[in-house]
Amino acid sequence: MSTQPARAEGSADSMLELSHRASLVEPFHAMDVFAAANRARQAGVDVISLAVGQPADPAPQGVRDAAMKKSAEGLVSYTNALGLDVLRQAIAEHYKDHYGVDVSASRIAVTSGSSAGFNLAFLSMFDHGDRVAITRPGYPAYRNILSVLGLEVEEISTAETGYLTADSLREVHARKPLKGLLFASPANPTGASMPAEALQELVAVAADLGIALISDEIYHRLNFARPDATAVAFSDDVVVINSFSKYYCMTGWRIGWMVLPERLVRPVERVAQSLYISASEISQIAAVEAFKCTEELDAIRFRYQQSRELLMDALPKLNLPLLAPMDGAFYAYCDVSAYSEDSQAFAKTMLEETGVAASTGVDFDPIDGHKSLRFSYCQRPERVAEAIERMKNWLKAG
């Protein structure tokens, strides 16, 4: 038996080498703020977190009851990689009820949250070196996952309209052809949503240019400016990714879905079998009930709407002008350059001196994010009102 001491993990003489791809992933600063807010809370500070896009309310009662019932049975199993038939059918019926669109349950893939959906889409649709466009500002995981998989990322600014236009897509594709496009409406971090006619045009232009389209619709049913429009209403050849995390208040349940073109169903299934086996059976069974809880969920949505109106009115008065219309999701994206050109330092100081946490724009925009903050209004209206009052007093004092 060797008497040599084991190498300490992370020590200078460790033989462990990191992959190049690991260095491509930037830290998610919003989670750093979330951690700092938790530390402050543990130290006794009354923290109001407007940093993370996580509903303050629990999953609906019917969802929790279904999970408890299944758990009491004892045996929790694998399911088919594409998900339980009962949930796939419920999702298909949701498209008929909410959008008036017929989608076959055979085209639905149930995933371990939308994050798994992105992995499955990218791996099934693109090869190493393919060029895929995303919007800027945008959800940082898009950029990070694409980069880790060896795909070339092209970021298209949405500063002019708040959402991606067909003209912008044409212009970028003309410079260097794209293989794919991923966009969200309503968007994170801006909350801006795309009018149905603009979405229809984007889908048509992408098809004409041979660009594969992925529509992130995770913030549907939280669109306050206009009715939801799904990309599958305009083409059977797009991929839609959605989740139970946001409107349905099921973040930690890790359950989402994809709507796939027929030819992608089997490839996605094969990849999912190896990467995930299946989404959690308990979460799938519970998610079926989520579609029956609209009254409870719409009451939560109404509270978001109240909080939205508070921020929409207050932020410009605090000299924090909006950088995009607050159409939906539960975000306000604003310009802090009147106070600072370093949004990370601004957010850190604001948390320390007011107990109000917000996400820095550097997560969402690597070029201009140092001048912006994202406020999430998932909190109850009275807490959002308190946060506004604290910021008002703080900025006035400064």
# chains A, B, ... in the order shown; residues from 1 in each chain; ligands from 1
$ residues_around --residues "Ala36 (chain A)" --least-positions-apart "6" --cutoff "10 Å" --atoms "only C-alpha atoms" --output "list in words"
Ala30, Gln42, Lys348, Leu351, Glu352 and Ala357 of chain A
$ residues_around --residues "Tyr333 (chain A)" --least-positions-apart "3" --cutoff "8 Å" --atoms "only C-alpha atoms" --output "list in words"
Pro189, Thr190, Gly191, Leu322, Leu323, Ala324, Met326, Ser372, Leu373, Arg374 and Phe375 of chain A
$ atom_distance --atom1 "CA of Ile48 (chain A)" --atom2 "CA of Arg383 (chain A)"
6.9 Å
$ select_by_dssp --residues "region 178-371 of chain A" --states "strand (DSSP E)" --output "ChimeraX atom specification"
/A:180-184,212-216,239-243,256-259,331-335,356-360
$ write_last_selection --atoms "N, CA and C atoms" --output "mmCIF file, in the first residue's frame"
data_model
loop_
_atom_site.group_PDB
_atom_site.id
_atom_site.type_symbol
_atom_site.label_atom_id
_atom_site.label_comp_id
_atom_site.auth_asym_id
_atom_site.auth_seq_id
_atom_site.Cartn_x
_atom_site.Cartn_y
_atom_site.Cartn_z
ATOM 1 N N GLY A 180 -28.722 28.659 -37.354
ATOM 2 C CA GLY A 180 -29.872 28.649 -36.458
ATOM 3 C C GLY A 180 -30.101 29.988 -35.796
ATOM 4 N N LEU A 181 -31.276 30.122 -35.191
ATOM 5 C CA LEU A 181 -31.659 31.326 -34.448
ATOM 6 C C LEU A 181 -32.477 30.904 -33.229
ATOM 7 N N LEU A 182 -32.110 31.464 -32.082
ATOM 8 C CA LEU A 182 -32.861 31.262 -30.846
ATOM 9 C C LEU A 182 -33.290 32.621 -30.315
ATOM 10 N N PHE A 183 -34.564 32.760 -29.996
ATOM 11 C CA PHE A 183 -35.075 34.019 -29.462
ATOM 12 C C PHE A 183 -36.185 33.721 -28.467
ATOM 13 N N ALA A 184 -36.511 34.732 -27.644
ATOM 14 C CA ALA A 184 -37.565 34.571 -26.643
ATOM 15 C C ALA A 184 -38.535 35.735 -26.725
ATOM 16 N N ALA A 212 -32.666 27.415 -39.055
ATOM 17 C CA ALA A 212 -33.476 26.654 -38.104
ATOM 18 C C ALA A 212 -33.862 27.556 -36.934
ATOM 19 N N LEU A 213 -35.131 27.479 -36.537
ATOM 20 C CA LEU A 213 -35.672 28.422 -35.565
ATOM 21 C C LEU A 213 -36.028 27.724 -34.259
ATOM 22 N N ILE A 214 -35.589 28.318 -33.137
ATOM 23 C CA ILE A 214 -35.960 27.853 -31.798
ATOM 24 C C ILE A 214 -36.606 29.014 -31.072
ATOM 25 N N SER A 215 -37.848 28.838 -30.652
ATOM 26 C CA SER A 215 -38.603 29.887 -29.963
ATOM 27 C C SER A 215 -38.744 29.523 -28.490
ATOM 28 N N ASP A 216 -38.157 30.338 -27.623
ATOM 29 C CA ASP A 216 -38.258 30.149 -26.179
ATOM 30 C C ASP A 216 -39.515 30.871 -25.702
ATOM 31 N N VAL A 239 -38.930 24.776 -33.601
ATOM 32 C CA VAL A 239 -38.849 24.127 -32.295
ATOM 33 C C VAL A 239 -39.272 25.149 -31.245
ATOM 34 N N VAL A 240 -40.212 24.757 -30.402
ATOM 35 C CA VAL A 240 -40.648 25.612 -29.299
ATOM 36 C C VAL A 240 -40.215 24.965 -27.997
ATOM 37 N N ILE A 241 -39.675 25.793 -27.086
ATOM 38 C CA ILE A 241 -39.278 25.327 -25.766
ATOM 39 C C ILE A 241 -40.076 26.110 -24.729
ATOM 40 N N ASN A 242 -40.628 25.389 -23.762
ATOM 41 C CA ASN A 242 -41.411 26.031 -22.719
ATOM 42 C C ASN A 242 -41.162 25.280 -21.404
ATOM 43 N N SER A 243 -41.758 25.761 -20.334
ATOM 44 C CA SER A 243 -41.479 25.203 -19.011
ATOM 45 C C SER A 243 -42.629 25.503 -18.063
ATOM 46 N N GLY A 256 -40.223 20.752 -18.029
ATOM 47 C CA GLY A 256 -40.523 21.601 -19.174
ATOM 48 C C GLY A 256 -40.926 20.753 -20.355
ATOM 49 N N TRP A 257 -41.011 21.402 -21.526
ATOM 50 C CA TRP A 257 -41.379 20.633 -22.719
ATOM 51 C C TRP A 257 -40.862 21.285 -23.982
ATOM 52 N N MET A 258 -40.857 20.494 -25.039
ATOM 53 C CA MET A 258 -40.520 20.960 -26.381
ATOM 54 C C MET A 258 -41.653 20.579 -27.322
ATOM 55 N N VAL A 259 -41.909 21.435 -28.306
ATOM 56 C CA VAL A 259 -42.746 21.069 -29.450
ATOM 57 C C VAL A 259 -41.802 20.941 -30.633
ATOM 58 N N TYR A 331 -40.027 41.235 -15.617
ATOM 59 C CA TYR A 331 -38.765 41.954 -15.559
ATOM 60 C C TYR A 331 -38.905 43.400 -16.016
ATOM 61 N N ALA A 332 -38.073 44.245 -15.403
ATOM 62 C CA ALA A 332 -37.863 45.616 -15.860
ATOM 63 C C ALA A 332 -36.366 45.775 -16.085
ATOM 64 N N TYR A 333 -35.986 46.199 -17.279
ATOM 65 C CA TYR A 333 -34.577 46.348 -17.634
ATOM 66 C C TYR A 333 -34.308 47.833 -17.801
ATOM 67 N N CYS A 334 -33.428 48.369 -16.966
ATOM 68 C CA CYS A 334 -33.283 49.822 -16.936
ATOM 69 C C CYS A 334 -31.826 50.268 -17.009
ATOM 70 N N ASP A 335 -31.663 51.539 -17.329
ATOM 71 C CA ASP A 335 -30.366 52.179 -17.516
ATOM 72 C C ASP A 335 -29.944 52.845 -16.199
ATOM 73 N N VAL A 356 -31.958 45.938 -1.007
ATOM 74 C CA VAL A 356 -32.664 45.624 -2.255
ATOM 75 C C VAL A 356 -31.682 44.993 -3.235
ATOM 76 N N ALA A 357 -32.011 43.812 -3.740
ATOM 77 C CA ALA A 357 -31.138 43.094 -4.670
ATOM 78 C C ALA A 357 -31.699 43.158 -6.077
ATOM 79 N N ALA A 358 -30.818 43.412 -7.056
ATOM 80 C CA ALA A 358 -31.182 43.406 -8.469
ATOM 81 C C ALA A 358 -30.063 42.729 -9.249
ATOM 82 N N SER A 359 -30.364 42.257 -10.443
ATOM 83 C CA SER A 359 -29.370 41.595 -11.288
ATOM 84 C C SER A 359 -28.647 42.615 -12.153
ATOM 85 N N THR A 360 -27.355 42.407 -12.344
ATOM 86 C CA THR A 360 -26.571 43.315 -13.167
ATOM 87 C C THR A 360 -26.694 42.955 -14.639
#
$ residues_around --residues "Tyr95 (chain A)" --least-positions-apart "5" --cutoff "10 Å" --atoms "only C-alpha atoms" --output "MDAnalysis selection string"
chainID A and resid 90 100:104 230 232:233
$ closest_residue --among "A:Val148, A:Val384, A:Ala174, A:Leu320" --to "Val47 (chain A)" --atoms "only C-alpha atoms"
A:Val384
$ select_by_dssp --residues "region 99-326 of chain A" --states "alpha helix (DSSP H)" --output "VMD selection string"
chain A and resid 113 to 125 140 to 148 166 to 175 196 to 209 262 to 275 281 to 290 294 to 317
$ residues_around --residues "Gln284 (chain A)" --least-positions-apart "3" --cutoff "7 Å" --atoms "only C-alpha atoms" --output "list of chain:residue names"
A:Leu87, A:Ile255, A:Ser280, A:Glu281, A:Ala287, A:Val288
$ write_last_selection --atoms "N, CA, C and O atoms" --output "PDB file, in the first residue's frame"
ATOM      1  N   LEU A  87     -49.200  13.484 -19.830  1.00  0.00           N
ATOM      2  CA  LEU A  87     -48.698  14.861 -19.801  1.00  0.00           C
ATOM      3  C   LEU A  87     -48.519  15.398 -21.214  1.00  0.00           C
ATOM      4  O   LEU A  87     -48.852  16.561 -21.493  1.00  0.00           O
ATOM      5  N   ILE A 255     -39.254  20.797 -14.711  1.00  0.00           N
ATOM      6  CA  ILE A 255     -40.115  20.141 -15.690  1.00  0.00           C
ATOM      7  C   ILE A 255     -40.484  21.136 -16.782  1.00  0.00           C
ATOM      8  O   ILE A 255     -40.938  22.244 -16.509  1.00  0.00           O
ATOM      9  N   SER A 280     -38.357  13.752 -14.126  1.00  0.00           N
ATOM     10  CA  SER A 280     -38.898  13.169 -12.899  1.00  0.00           C
ATOM     11  C   SER A 280     -40.359  12.756 -13.075  1.00  0.00           C
ATOM     12  O   SER A 280     -41.192  13.537 -13.533  1.00  0.00           O
ATOM     13  N   GLU A 281     -40.665  11.520 -12.689  1.00  0.00           N
ATOM     14  CA  GLU A 281     -42.038  11.029 -12.810  1.00  0.00           C
ATOM     15  C   GLU A 281     -42.989  11.822 -11.911  1.00  0.00           C
ATOM     16  O   GLU A 281     -44.103  12.168 -12.313  1.00  0.00           O
ATOM     17  N   ALA A 287     -47.376  17.991 -12.987  1.00  0.00           N
ATOM     18  CA  ALA A 287     -47.528  19.007 -14.027  1.00  0.00           C
ATOM     19  C   ALA A 287     -48.846  18.871 -14.783  1.00  0.00           C
ATOM     20  O   ALA A 287     -49.399  19.862 -15.265  1.00  0.00           O
ATOM     21  N   VAL A 288     -49.351  17.655 -14.888  1.00  0.00           N
ATOM     22  CA  VAL A 288     -50.660  17.463 -15.538  1.00  0.00           C
ATOM     23  C   VAL A 288     -51.710  18.316 -14.841  1.00  0.00           C
ATOM     24  O   VAL A 288     -52.587  18.917 -15.484  1.00  0.00           O
TER      25      VAL A 288
END
$ residues_around --residues "Tyr276 (chain A)" --least-positions-apart "5" --cutoff "10 Å" --atoms "only C-alpha atoms" --output "VMD selection string"
chain A and resid 81 111 to 112 116 120 271
$ residues_around --residues "region 64-68 of chain A" --least-positions-apart "5" --cutoff "12 Å" --atoms "only C-alpha atoms" --output "JSON, numbers by chain"
{"A": [58, 59, 73, 74, 76, 248, 249, 250, 253, 280, 281, 282, 283, 284, 285, 286, 287, 288, 289, 290, 292, 293]}
$ write_last_selection --atoms "C-alpha atoms" --output "PDB file, in the first residue's frame"
ATOM      1  CA  PRO A  58     -45.435  27.965  -4.368  1.00  0.00           C
ATOM      2  CA  ALA A  59     -46.771  25.605  -6.988  1.00  0.00           C
ATOM      3  CA  GLU A  73     -47.345   5.197  -3.310  1.00  0.00           C
ATOM      4  CA  GLY A  74     -43.644   4.630  -2.670  1.00  0.00           C
ATOM      5  CA  VAL A  76     -41.238   6.457  -8.336  1.00  0.00           C
ATOM      6  CA  TYR A 248     -46.960  27.706 -13.187  1.00  0.00           C
ATOM      7  CA  CYS A 249     -44.604  28.526 -10.241  1.00  0.00           C
ATOM      8  CA  MET A 250     -42.709  25.225 -10.520  1.00  0.00           C
ATOM      9  CA  TRP A 253     -39.694  20.837 -10.020  1.00  0.00           C
ATOM     10  CA  SER A 280     -38.898  13.169 -12.899  1.00  0.00           C
ATOM     11  CA  GLU A 281     -42.038  11.029 -12.810  1.00  0.00           C
ATOM     12  CA  ILE A 282     -43.414  12.899  -9.780  1.00  0.00           C
ATOM     13  CA  SER A 283     -42.934  16.244 -11.513  1.00  0.00           C
ATOM     14  CA  GLN A 284     -44.607  14.949 -14.665  1.00  0.00           C
ATOM     15  CA  ILE A 285     -47.649  13.656 -12.797  1.00  0.00           C
ATOM     16  CA  ALA A 286     -47.910  16.905 -10.864  1.00  0.00           C
ATOM     17  CA  ALA A 287     -47.528  19.007 -14.027  1.00  0.00           C
ATOM     18  CA  VAL A 288     -50.660  17.463 -15.538  1.00  0.00           C
ATOM     19  CA  GLU A 289     -52.609  19.136 -12.743  1.00  0.00           C
ATOM     20  CA  ALA A 290     -51.020  22.539 -13.406  1.00  0.00           C
ATOM     21  CA  LYS A 292     -56.284  22.754 -14.117  1.00  0.00           C
ATOM     22  CA  CYS A 293     -55.122  25.518 -11.751  1.00  0.00           C
TER      23      CYS A 293
END
$ residues_around --residues "Val25 (chain A)" --least-positions-apart "6" --cutoff "9 Å" --atoms "only C-alpha atoms" --output "list in words"
Ala141, Arg143, Asn144, Ile145, Ser147 and Val148 of chain A
$ closest_residue --among "A:Tyr99, A:Tyr78, A:Tyr139, A:Phe346" --to "Phe28 (chain A)" --atoms "only C-alpha atoms"
A:Tyr139
$ closest_residue --among "A:Ile91, A:Ala206, A:Ala196, A:Ala43" --to "Ile108 (chain A)" --atoms "only C-alpha atoms"
A:Ile91
$ atom_distance --atom1 "CA of Thr158 (chain A)" --atom2 "CA of Gln379 (chain A)"
27.1 Å
